[in-house]
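Trainee: Below is the file model.txt, which contains compact mmCIF, C-alpha atoms.
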```
# COMPACT_ATOMS: atom_id res chain seq x y z
CA MET U 1 32.15 79.11 104.24
CA ALA U 2 29.07 81.17 105.17
CA THR U 3 25.78 79.25 105.15
CA ARG U 4 22.36 80.52 104.06
CA ARG U 5 21.41 80.74 107.73
CA ASP U 6 24.50 82.90 108.41
CA ALA U 7 23.52 85.17 105.54
CA GLU U 8 19.97 85.42 106.81
CA ARG U 9 21.27 86.56 110.17
CA GLN U 10 23.13 89.51 108.63
CA PRO U 11 21.42 92.87 109.25
CA PRO U 12 19.60 94.39 106.29
CA ASP U 13 21.39 96.96 104.17
CA PRO U 14 21.16 100.41 105.70
CA LYS U 15 19.14 103.06 103.92
CA LEU U 16 21.67 105.25 102.17
CA PRO U 17 21.50 108.24 99.80
CA PRO U 18 21.87 107.08 96.18
CA LYS U 19 25.26 108.76 95.73
CA LEU U 20 26.70 107.05 98.82
CA ALA U 21 25.06 103.71 97.99
CA GLY U 22 26.67 103.74 94.55
CA HIS U 23 30.22 104.23 95.82
CA PRO U 24 32.47 101.21 95.04
CA SER U 25 33.72 100.94 98.62
CA VAL U 26 30.17 101.00 99.99
CA GLN U 27 29.06 98.37 97.51
CA ALA U 28 32.01 96.13 98.44
CA VAL U 29 31.23 96.38 102.16
CA LEU U 30 27.54 95.66 101.65
CA ALA U 31 28.34 92.73 99.37
CA ARG U 32 30.53 91.16 102.06
CA ARG U 33 27.75 91.63 104.59
CA ARG U 34 25.21 89.94 102.32
CA ALA U 35 27.59 87.04 101.74
CA GLY U 36 28.10 86.59 105.48
CA ASP U 37 31.82 87.31 105.21
CA VAL U 38 31.80 89.87 108.02
CA ALA U 39 32.40 87.97 111.26
CA SER U 40 31.76 89.55 114.62
CA PRO U 41 34.53 89.12 117.22
CA PRO U 42 33.74 87.16 120.38
CA ALA U 43 31.84 89.33 122.86
CA VAL U 44 34.39 88.40 125.55
CA ILE U 45 38.14 88.37 124.88
CA ASP U 46 39.91 85.20 125.98
CA ALA U 47 42.27 86.16 128.83
CA ALA U 48 44.93 83.55 127.97
CA TRP U 49 45.02 84.69 124.33
CA LEU U 50 45.25 88.31 125.42
CA ARG U 51 48.12 87.66 127.82
CA GLU U 52 50.08 85.76 125.17
CA LEU U 53 49.46 88.62 122.76
CA CYS U 54 50.95 91.12 125.22
CA LEU U 55 53.98 88.97 126.02
CA ALA U 56 54.65 88.33 122.32
CA ALA U 57 54.53 92.10 121.74
CA GLY U 58 57.33 92.59 124.29
CA ALA U 59 55.65 92.99 127.68
CA ASP U 60 57.21 91.20 130.66
CA ASP U 61 53.87 90.84 132.45
CA ALA U 62 50.28 91.73 131.67
CA ALA U 63 46.78 91.53 133.12
CA ALA U 64 43.38 93.03 132.38
CA VAL U 65 41.00 94.85 134.69
CA SER U 66 37.37 95.80 134.18
CA LEU U 67 36.54 99.47 133.91
CA ASP U 68 33.89 98.71 136.53
CA HIS U 69 36.58 97.87 139.11
CA PRO U 70 35.87 100.02 142.19
CA ASN U 71 39.47 101.27 142.32
CA LEU U 72 39.08 102.70 138.81
CA ALA U 73 36.09 104.89 139.60
CA GLY U 74 38.25 107.98 139.20
CA GLU U 75 39.48 106.79 135.80
CA ARG U 76 36.09 105.91 134.35
CA GLU U 77 35.15 109.24 132.79
CA HIS U 78 38.65 109.73 131.40
CA ALA U 79 38.75 106.26 129.84
CA LEU U 80 35.34 106.70 128.27
CA ALA U 81 36.33 110.11 126.94
CA ALA U 82 39.44 108.59 125.35
CA LEU U 83 37.63 105.55 123.91
CA PRO U 84 33.83 105.65 124.12
CA GLY U 85 32.57 102.19 124.93
CA THR U 86 35.64 101.12 126.91
CA ARG U 87 34.87 97.98 128.91
CA ALA U 88 38.31 96.82 130.07
CA LEU U 89 41.87 98.05 130.44
CA ILE U 90 44.96 95.98 129.75
CA ALA U 91 47.96 96.77 131.97
CA MET U 92 51.45 95.82 130.82
CA VAL U 93 54.81 95.85 132.60
CA PHE U 94 58.20 96.38 130.95
CA ARG U 95 61.45 95.69 132.77
CA MET U 96 64.35 98.13 132.90
CA ASN U 97 68.02 97.29 133.40
CA ARG U 98 68.67 97.91 137.09
CA ASP U 99 72.28 99.06 137.12
CA ASN U 100 71.59 101.55 134.33
CA CYS U 101 68.85 103.11 136.46
CA ARG U 102 71.18 103.20 139.47
CA SER U 103 73.99 105.01 137.70
CA PRO U 104 74.95 108.44 139.09
CA ALA U 105 75.54 109.40 135.43
CA ARG U 106 72.14 110.76 134.48
CA SER U 107 72.83 110.14 130.79
CA VAL U 108 72.98 106.40 131.49
CA ALA U 109 69.84 106.32 133.63
CA ASN U 110 67.83 108.57 131.34
CA GLN U 111 68.77 106.54 128.28
CA GLU U 112 67.41 103.46 130.05
CA PHE U 113 64.16 105.21 130.91
CA HIS U 114 63.65 106.45 127.37
CA GLN U 115 64.65 103.20 125.66
CA THR U 116 62.15 101.26 127.77
CA ASP U 117 59.56 103.96 127.17
CA GLU U 118 59.91 103.47 123.41
CA GLN U 119 59.71 99.70 123.78
CA ALA U 120 56.52 100.00 125.84
CA ASN U 121 54.87 102.39 123.38
CA HIS U 122 55.68 100.10 120.45
CA ALA U 123 54.37 97.04 122.27
CA ALA U 124 51.13 98.76 123.33
CA ARG U 125 50.60 99.94 119.76
CA ASN U 126 51.10 96.41 118.43
CA VAL U 127 48.60 95.02 120.95
CA THR U 128 46.13 97.71 119.91
CA ARG U 129 46.64 96.81 116.25
CA ALA U 130 46.06 93.10 116.95
CA LEU U 131 42.85 93.85 118.85
CA GLN U 132 41.69 96.11 116.03
CA ASP U 133 42.42 93.38 113.47
CA ALA U 134 40.39 90.96 115.60
CA GLY U 135 37.39 93.29 115.35
CA TYR U 136 37.61 95.28 118.57
CA ARG U 137 38.01 99.00 119.15
CA ALA U 138 41.17 99.69 121.15
CA LEU U 139 43.41 102.61 122.04
CA ASN U 140 46.84 102.93 123.64
CA PRO U 141 47.64 106.23 125.39
CA SER U 142 51.25 107.36 125.55
CA VAL U 143 53.37 105.60 128.17
CA GLY U 144 54.94 108.89 129.25
CA PHE U 145 55.35 111.93 127.04
CA PRO U 146 53.83 113.36 124.88
CA GLN U 147 50.80 114.13 127.00
CA GLU U 148 47.86 116.54 126.87
CA MET U 149 49.73 119.76 127.57
CA GLY U 150 46.68 121.80 126.67
CA ARG U 151 45.32 120.82 130.09
CA TYR U 152 48.47 121.75 132.01
CA PRO U 153 48.80 122.41 134.94
CA GLY U 154 45.75 120.19 135.39
CA ARG U 155 45.62 116.47 134.62
CA ILE U 156 47.70 115.97 131.48
CA TRP U 157 47.61 112.15 131.28
CA VAL U 158 44.91 110.27 129.37
CA VAL U 159 44.91 107.33 131.77
CA ALA U 160 46.73 106.77 135.08
CA HIS U 161 48.96 103.80 134.29
CA LYS U 162 49.95 103.21 137.93
CA THR U 163 46.35 103.11 139.13
CA VAL U 164 45.40 100.66 136.39
CA ALA U 165 48.41 98.40 137.01
CA VAL U 166 47.68 98.17 140.74
CA ALA U 167 44.00 97.43 140.10
CA ALA U 168 45.07 94.70 137.64
CA GLY U 169 47.25 93.07 140.30
CA LEU U 170 50.62 93.84 138.70
CA GLY U 171 52.05 95.51 141.79
CA VAL U 172 51.46 97.84 144.71
CA MET U 173 52.37 101.49 145.10
CA GLY U 174 55.46 101.88 147.26
CA LEU U 175 56.35 104.61 149.71
CA HIS U 176 58.08 106.42 146.84
CA ARG U 177 54.88 106.46 144.72
CA ASN U 178 56.26 104.01 142.16
CA VAL U 179 54.56 100.69 141.46
CA ILE U 180 56.59 97.76 142.82
CA HIS U 181 56.09 94.58 140.82
CA PRO U 182 56.35 91.44 143.03
CA LYS U 183 59.12 89.99 140.83
CA PHE U 184 60.76 92.87 138.95
CA GLY U 185 60.52 95.48 141.71
CA ASP U 186 60.09 99.10 140.71
CA PHE U 187 62.47 98.81 137.75
CA VAL U 188 59.54 98.80 135.38
CA LEU U 189 57.60 101.10 133.10
CA LEU U 190 53.88 100.69 132.54
CA ALA U 191 51.55 100.81 129.55
CA THR U 192 47.78 100.58 129.22
CA VAL U 193 45.48 99.59 126.36
CA LEU U 194 41.77 100.42 126.42
CA VAL U 195 39.39 98.01 124.67
CA ASP U 196 35.63 97.97 124.08
CA ALA U 197 35.05 94.40 125.32
CA GLN U 198 35.15 92.47 128.54
CA VAL U 199 37.85 89.86 129.18
CA SER U 200 37.23 86.31 130.39
CA GLY U 201 39.55 86.70 133.37
CA TYR U 202 40.93 89.66 135.28
CA GLY U 203 44.03 90.14 137.41
CA GLN U 204 43.65 89.92 141.16
CA ALA U 205 45.08 92.45 143.60
CA LEU U 206 48.23 91.33 145.40
CA GLU U 207 47.67 90.10 148.94
CA TYR U 208 50.86 91.78 150.18
CA ASN U 209 52.98 94.84 149.44
CA PRO U 210 56.39 94.11 147.84
CA CYS U 211 57.69 97.24 149.59
CA ILE U 212 59.88 96.06 152.49
CA ASP U 213 59.71 99.44 154.29
CA CYS U 214 63.49 99.88 154.20
CA LYS U 215 63.17 103.69 153.81
CA LEU U 216 66.08 103.80 151.34
CA CYS U 217 63.94 105.93 149.03
CA VAL U 218 63.59 108.43 151.88
CA ALA U 219 67.35 108.52 152.33
CA ALA U 220 68.04 108.85 148.61
CA CYS U 221 65.67 111.69 147.71
CA PRO U 222 67.81 114.85 147.58
CA VAL U 223 64.90 117.23 148.21
CA GLY U 224 63.06 115.36 150.97
CA ALA U 225 59.95 114.70 148.90
CA ILE U 226 59.32 111.30 150.54
CA GLY U 227 58.38 111.26 154.21
CA LYS U 228 59.07 108.35 156.54
CA ASP U 229 55.41 108.47 157.58
CA GLY U 230 54.20 108.10 153.99
CA ASP U 231 53.73 111.78 153.16
CA PHE U 232 54.75 112.88 149.68
CA ASP U 233 55.68 116.42 148.60
CA PHE U 234 54.58 116.59 144.96
CA PHE U 235 55.96 120.07 144.37
CA ALA U 236 59.38 119.22 145.81
CA CYS U 237 59.67 116.15 143.59
CA THR U 238 58.43 117.80 140.42
CA THR U 239 60.35 121.06 140.85
CA HIS U 240 63.67 119.20 140.99
CA ASN U 241 63.20 115.96 139.06
CA TYR U 242 61.23 117.59 136.23
CA ARG U 243 63.45 120.66 136.01
CA GLU U 244 63.84 120.17 132.24
CA PHE U 245 60.22 119.18 131.65
CA MET U 246 57.03 121.26 131.70
CA SER U 247 57.17 123.60 134.67
CA GLY U 248 60.96 123.78 134.81
CA PHE U 249 61.13 124.78 131.17
CA THR U 250 58.53 127.48 131.84
CA ASP U 251 60.70 128.84 134.64
CA TRP U 252 63.80 128.75 132.42
CA ALA U 253 61.95 130.52 129.59
CA GLN U 254 60.90 133.23 132.03
CA THR U 255 64.53 133.60 133.05
CA VAL U 256 65.53 134.09 129.42
CA ALA U 257 62.77 136.66 128.96
CA ASP U 258 63.74 138.55 132.11
CA SER U 259 67.47 138.68 131.29
CA GLN U 260 68.64 142.07 130.00
CA ASP U 261 71.46 140.64 127.88
CA ALA U 262 73.74 137.61 127.52
CA ALA U 263 75.86 138.57 130.51
CA ASP U 264 72.77 138.93 132.69
CA TYR U 265 71.50 135.54 131.52
CA ARG U 266 74.83 133.85 132.27
CA SER U 267 74.80 135.37 135.75
CA ARG U 268 71.50 133.55 136.35
CA VAL U 269 72.08 130.28 134.48
CA THR U 270 75.37 128.37 134.43
CA ASP U 271 76.89 127.02 131.23
CA SER U 272 76.22 123.51 132.48
CA GLU U 273 72.54 124.30 133.03
CA SER U 274 72.22 125.84 129.57
CA ALA U 275 73.87 122.80 128.00
CA SER U 276 71.63 120.44 129.94
CA MET U 277 68.50 122.34 128.91
CA TRP U 278 69.68 122.29 125.28
CA GLN U 279 70.15 118.54 125.49
CA SER U 280 66.64 118.05 126.86
CA LEU U 281 65.24 120.20 124.06
CA THR U 282 67.05 118.27 121.33
CA SER U 283 66.87 114.77 122.83
CA PRO U 284 64.31 113.18 125.14
CA PRO U 285 64.26 115.36 128.28
CA GLY U 286 66.35 114.25 131.23
CA TYR U 287 65.16 113.46 134.73
CA LYS U 288 67.34 115.09 137.39
CA SER U 289 66.86 112.38 139.98
CA GLY U 290 64.78 109.22 140.03
CA TYR U 291 66.97 108.06 142.91
CA CYS U 292 64.00 106.68 144.83
CA LEU U 293 63.46 104.12 142.07
CA ALA U 294 67.19 103.40 141.80
CA VAL U 295 67.74 102.35 145.43
CA CYS U 296 64.56 100.34 146.00
CA PRO U 297 65.37 96.66 146.79
CA GLY U 298 61.75 95.47 146.60
CA GLY U 299 60.82 92.59 144.28
CA GLU U 300 62.04 89.00 144.26
CA ASP U 301 64.52 89.53 141.42
CA VAL U 302 66.02 92.57 143.13
CA LEU U 303 65.99 91.72 146.83
CA GLY U 304 68.83 89.16 147.02
CA PRO U 305 71.89 91.47 147.18
CA TYR U 306 70.21 93.64 149.82
CA LEU U 307 69.47 90.64 152.04
CA GLU U 308 72.96 89.19 151.64
CA ASP U 309 74.87 92.35 152.57
CA ARG U 310 72.91 95.49 153.37
CA LYS U 311 76.06 97.54 154.04
CA THR U 312 77.57 96.76 150.65
CA PHE U 313 74.21 97.45 149.00
CA MET U 314 74.07 100.90 150.58
CA ASP U 315 77.75 101.60 149.84
CA THR U 316 77.41 100.70 146.15
CA VAL U 317 73.82 101.76 145.36
CA LEU U 318 72.70 104.45 147.80
CA ARG U 319 75.84 106.41 148.71
CA PRO U 320 77.08 107.20 145.18
CA LEU U 321 73.78 109.00 144.60
CA GLN U 322 73.93 110.77 147.97
CA ASP U 323 77.55 111.82 147.42
CA LYS U 324 77.10 113.12 143.87
CA GLU U 325 77.69 116.86 143.52
CA GLU U 326 74.74 118.30 141.61
CA THR U 327 72.46 121.31 141.68
CA LEU U 328 69.17 120.80 143.53
CA TYR U 329 66.20 122.90 142.42
CA VAL U 330 63.77 124.05 145.11
CA LEU U 331 60.95 126.50 145.66
CA PRO U 332 61.98 129.48 147.83
CA GLY U 333 61.25 129.00 151.53
CA SER U 334 60.08 125.42 151.01
CA HIS U 335 60.69 122.38 153.17
CA ALA U 336 62.69 121.00 150.23
CA GLN U 337 65.08 123.95 150.43
CA GLU U 338 65.66 123.53 154.16
CA TYR U 339 66.02 119.75 153.81
CA ALA U 340 68.48 119.92 150.92
CA GLN U 341 70.70 122.50 152.61
CA ARG U 342 70.75 120.55 155.87
CA ARG U 343 70.99 117.01 154.54
CA PHE U 344 73.18 117.54 151.47
CA PRO U 345 75.41 120.57 152.15
CA HIS U 346 77.79 119.53 149.34
CA LYS U 347 75.02 119.84 146.72
CA PRO U 348 74.40 123.43 145.54
CA VAL U 349 70.78 124.51 146.08
CA LYS U 350 69.12 126.85 143.61
CA GLU U 351 65.83 128.68 144.13
CA VAL U 352 63.44 128.52 141.19
CA THR U 353 59.76 129.23 140.76
CA GLY U 354 59.25 125.83 139.21
CA GLY U 355 56.84 127.50 136.82
CA TRP U 356 54.11 127.07 139.42
CA GLN U 357 53.73 130.77 140.14
CA PRO U 358 52.82 133.44 137.57
CA PRO U 359 55.62 135.91 136.80
CA THR U 360 55.48 139.22 138.66
CA ARG U 361 54.13 141.96 136.39
CA ARG U 362 56.39 144.95 136.02
CA PRO U 363 54.74 148.30 136.61
CA ALA U 364 53.74 150.08 133.42
CA SER U 365 56.15 152.84 132.45
CA SER U 366 54.75 156.33 132.76
```
Any chance you could put this one into structure tokens?
Mentor:
Amino acid sequence: MATRRDAERQPPDPKLPPKLAGHPSVQAVLARRRAGDVASPPAVIDAAWLRELCLAAGADDAAAVSLDHPNLAGEREHALAALPGTRALIAMVFRMNRDNCRSPARSVANQEFHQTDEQANHAARNVTRALQDAGYRALNPSVGFPQEMGRYPGRIWVVAHKTVAVAAGLGVMGLHRNVIHPKFGDFVLLATVLVDAQVSGYGQALEYNPCIDCKLCVAACPVGAIGKDGDFDFFACTTHNYREFMSGFTDWAQTVADSQDAADYRSRVTDSESASMWQSLTSPPGYKSGYCLAVCPGGEDVLGPYLEDRKTFMDTVLRPLQDKEETLYVLPGSHAQEYAQRRFPHKPVKEVTGGWQPPTRRPASS
């Protein structure tokens, strides 16, 4: 029950225009303030309570990180633009089923990605709701898609989930540019919640890298996007793996526009490719690869079979992906094209623009 002293501490009623002051909702809010029934949330969120909240919502691991963390300097302006007053970010990890991700059948792997994506979005939303109900301002950006396509081809994501998770101590970026969790490996998806309060305890960066430097991700990538020396070819990865997302769709749409008739279109695009694009337009879009994630043995829960019998691990996990007959999409004259033709001669290679280059203008008719 509020005491007289509590009531005396309440701020005075704001000066409002008579019409606004007479509104029933306004009068109800002001009455609760006068009675001392409006409690302010703690200035600092209890870290143990917050972690339990995340786990109860469905996360498999969670930790917070201050927006002032030096490794989040590049995220600061974006976080503040998304939620003015952001003080901390809450990183959450969600496990995926490993053998689903490893399946050469892309329908199986993609279903696993999308199911976990939905789980992560729901959990982040529930955490945001709980923080809001506790009196804080909070926001959960999308785990994956949809994103801010109005900014494309610039930065389309609201917050960089990988950067936040690493800063929060939930893993380290591997050679393949996926976060490797020390226990669950890279078979995880990530979510982030922004909140306008500090947290009583923050995650600490890992003192080691769960990546064991096996280079299986290098061997698995069909377009040579991952270099043994740590280099990463963004355009090679995105042009192939995201063929039915963003840039690949743009390239396909240009192909449709440039085709003179149905026969011309079918000479450019196979029936299988048309069916696959239709599926990605009617269902969640499909990733063409993701093999780097599939073969990674990093993480305590994942590492055992690789240590026990590396040959069997490669025969059952790596080689089915290498041996699969599938079309590889590459930019003309790129390293990815040369690599794919040399390393995987049984996989057809198809030149595409990837949507990265503007279409060539046809000369105006006279």
Trainee: May I ask which of the residues U:Asp61, U:Asp213, U:Asp251, U:Glu244 is the closest one to U:Ser280, counting all atoms listed in the file?
Mentor: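 The shortest atom-to-atom distance to U:Ser280 comes from U:Glu244.
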Trainee: Please identify every residue of stretch 260-341 of chain U that has at least one atom no farther than 9 Å from an atom of stretch 228-243 of chain U, counting all atoms listed in the file, and for each give the shortest atom pair and the distance in Å to one decimal, arranged by chain then increasing number, as CSV.
Mentor:
```
residue,atom,partner,partner_atom,distance
U:Met277,CA,U:Arg243,CA,8.9
U:Pro285,CA,U:Tyr242,CA,8.8
U:Gly286,CA,U:Tyr242,CA,7.9
U:Tyr287,CA,U:Asn241,CA,5.4
U:Lys288,CA,U:Asn241,CA,4.5
U:Ser289,CA,U:Asn241,CA,5.2
U:Gly290,CA,U:Asn241,CA,7.0
U:Leu328,CA,U:His240,CA,6.3
U:Tyr329,CA,U:His240,CA,4.7
U:Val330,CA,U:Thr239,CA,6.2
U:Leu331,CA,U:Thr239,CA,7.3
U:Ser334,CA,U:Ala236,CA,8.1
U:His335,CA,U:Ala236,CA,8.1
U:Ala336,CA,U:Ala236,CA,5.8
U:Gln337,CA,U:Ala236,CA,8.7
```
Trainee: Hey, can you check how far atom CA of U:Ala56 sits from atom CA of U:Ala123?
Mentor: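 Here the two named atoms are 8.7 Å from each other.
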Trainee: Give me the residues within 8 Å of U:Ala220 as a count of residues only, counting all atoms listed in the file and dropping any in the same chain fewer than 4 places off.
Mentor: 7
Trainee: By how many Å are atom CA of U:Val269 and atom CA of U:Lys350 apart?
Mentor: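 Taking atom CA of U:Val269 as the start and atom CA of U:Lys350 as the end point, the length is 10.2 Å.
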